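Peer 1: Quick one: this structure, given as structure tokens, is what I'll be asking you about.
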Amino acid sequence: AVCCDDTDGPPLVKGLHVEYAHSPEVTHAQAVSLCTFVTWQLVAIEEGWNRYDPESGFWKLENWEAFPLEWRLTGIA
């Protein structure tokens, strides 16, 4: 999810988790911008941490531990 309210500063990006869906004040699981999330995904694909599985039609996480800890802590890596 991306918050595009210009009164809040930069558009914050966070994963939608059931436990935080109605708690906008929870900020530990977010990144500063959409470009951060997209860049992380591109790096993960390039490094082989994520790969597309043609059988399922979905992306498959190959190596969660390879992601930098700071990325994993956001919950959106």
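Every chain in the structure tokens has a letter given in the order shown (A, B, ...), and although residue numbers restart at 1 in each chain, ligands are simply numbered from 1 in the order shown.
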Env of segment 38-54 of chain A: 7 Å cut, atoms = only C-alpha atoms, seq-sep filter 3 positions within chain, self excluded. Answer as a PyMOL selection string.
Peer 2: chain A and resi 34-35+57-64+66+77
Peer 1: Using the selection just defined, write its residues with N, CA, C and O atoms as a compact mmCIF listing (two decimals), in the first residue's frame.
Peer 2:
# COMPACT_ATOMS: atom_id res chain seq x y z
N LEU A 34 7.85 4.36 -3.04
CA LEU A 34 7.58 3.24 -3.93
C LEU A 34 8.85 2.84 -4.70
O LEU A 34 9.08 1.67 -4.95
N CYS A 35 9.69 3.82 -5.03
CA CYS A 35 10.92 3.48 -5.76
C CYS A 35 11.83 2.59 -4.93
O CYS A 35 12.56 1.76 -5.47
N GLY A 57 2.74 -19.34 -11.93
CA GLY A 57 2.40 -18.00 -12.39
C GLY A 57 2.68 -16.92 -11.36
O GLY A 57 2.21 -15.80 -11.50
N PHE A 58 3.45 -17.26 -10.33
CA PHE A 58 3.77 -16.32 -9.25
C PHE A 58 5.28 -16.23 -9.06
O PHE A 58 6.03 -17.10 -9.49
N TRP A 59 5.68 -15.16 -8.38
CA TRP A 59 7.09 -15.02 -8.00
C TRP A 59 7.35 -15.89 -6.78
O TRP A 59 6.51 -15.99 -5.89
N LYS A 60 8.52 -16.50 -6.75
CA LYS A 60 8.88 -17.40 -5.65
C LYS A 60 10.10 -16.85 -4.93
O LYS A 60 11.11 -16.54 -5.54
N LEU A 61 9.97 -16.74 -3.62
CA LEU A 61 11.08 -16.30 -2.79
C LEU A 61 12.08 -17.44 -2.68
O LEU A 61 11.74 -18.51 -2.18
N GLU A 62 13.29 -17.22 -3.14
CA GLU A 62 14.30 -18.26 -3.15
C GLU A 62 15.23 -18.20 -1.93
O GLU A 62 15.69 -19.23 -1.46
N ASN A 63 15.54 -16.99 -1.46
CA ASN A 63 16.53 -16.89 -0.38
C ASN A 63 16.25 -15.65 0.48
O ASN A 63 16.86 -14.60 0.30
N TRP A 64 15.34 -15.79 1.42
CA TRP A 64 14.97 -14.69 2.30
C TRP A 64 16.15 -14.17 3.11
O TRP A 64 16.31 -12.97 3.32
N ALA A 66 19.15 -13.87 2.25
CA ALA A 66 20.08 -13.08 1.44
C ALA A 66 19.71 -11.60 1.43
O ALA A 66 20.56 -10.74 1.21
N ALA A 77 10.20 -6.37 1.73
CA ALA A 77 11.28 -6.84 0.83
C ALA A 77 10.82 -8.02 0.04
O ALA A 77 10.02 -8.81 0.46
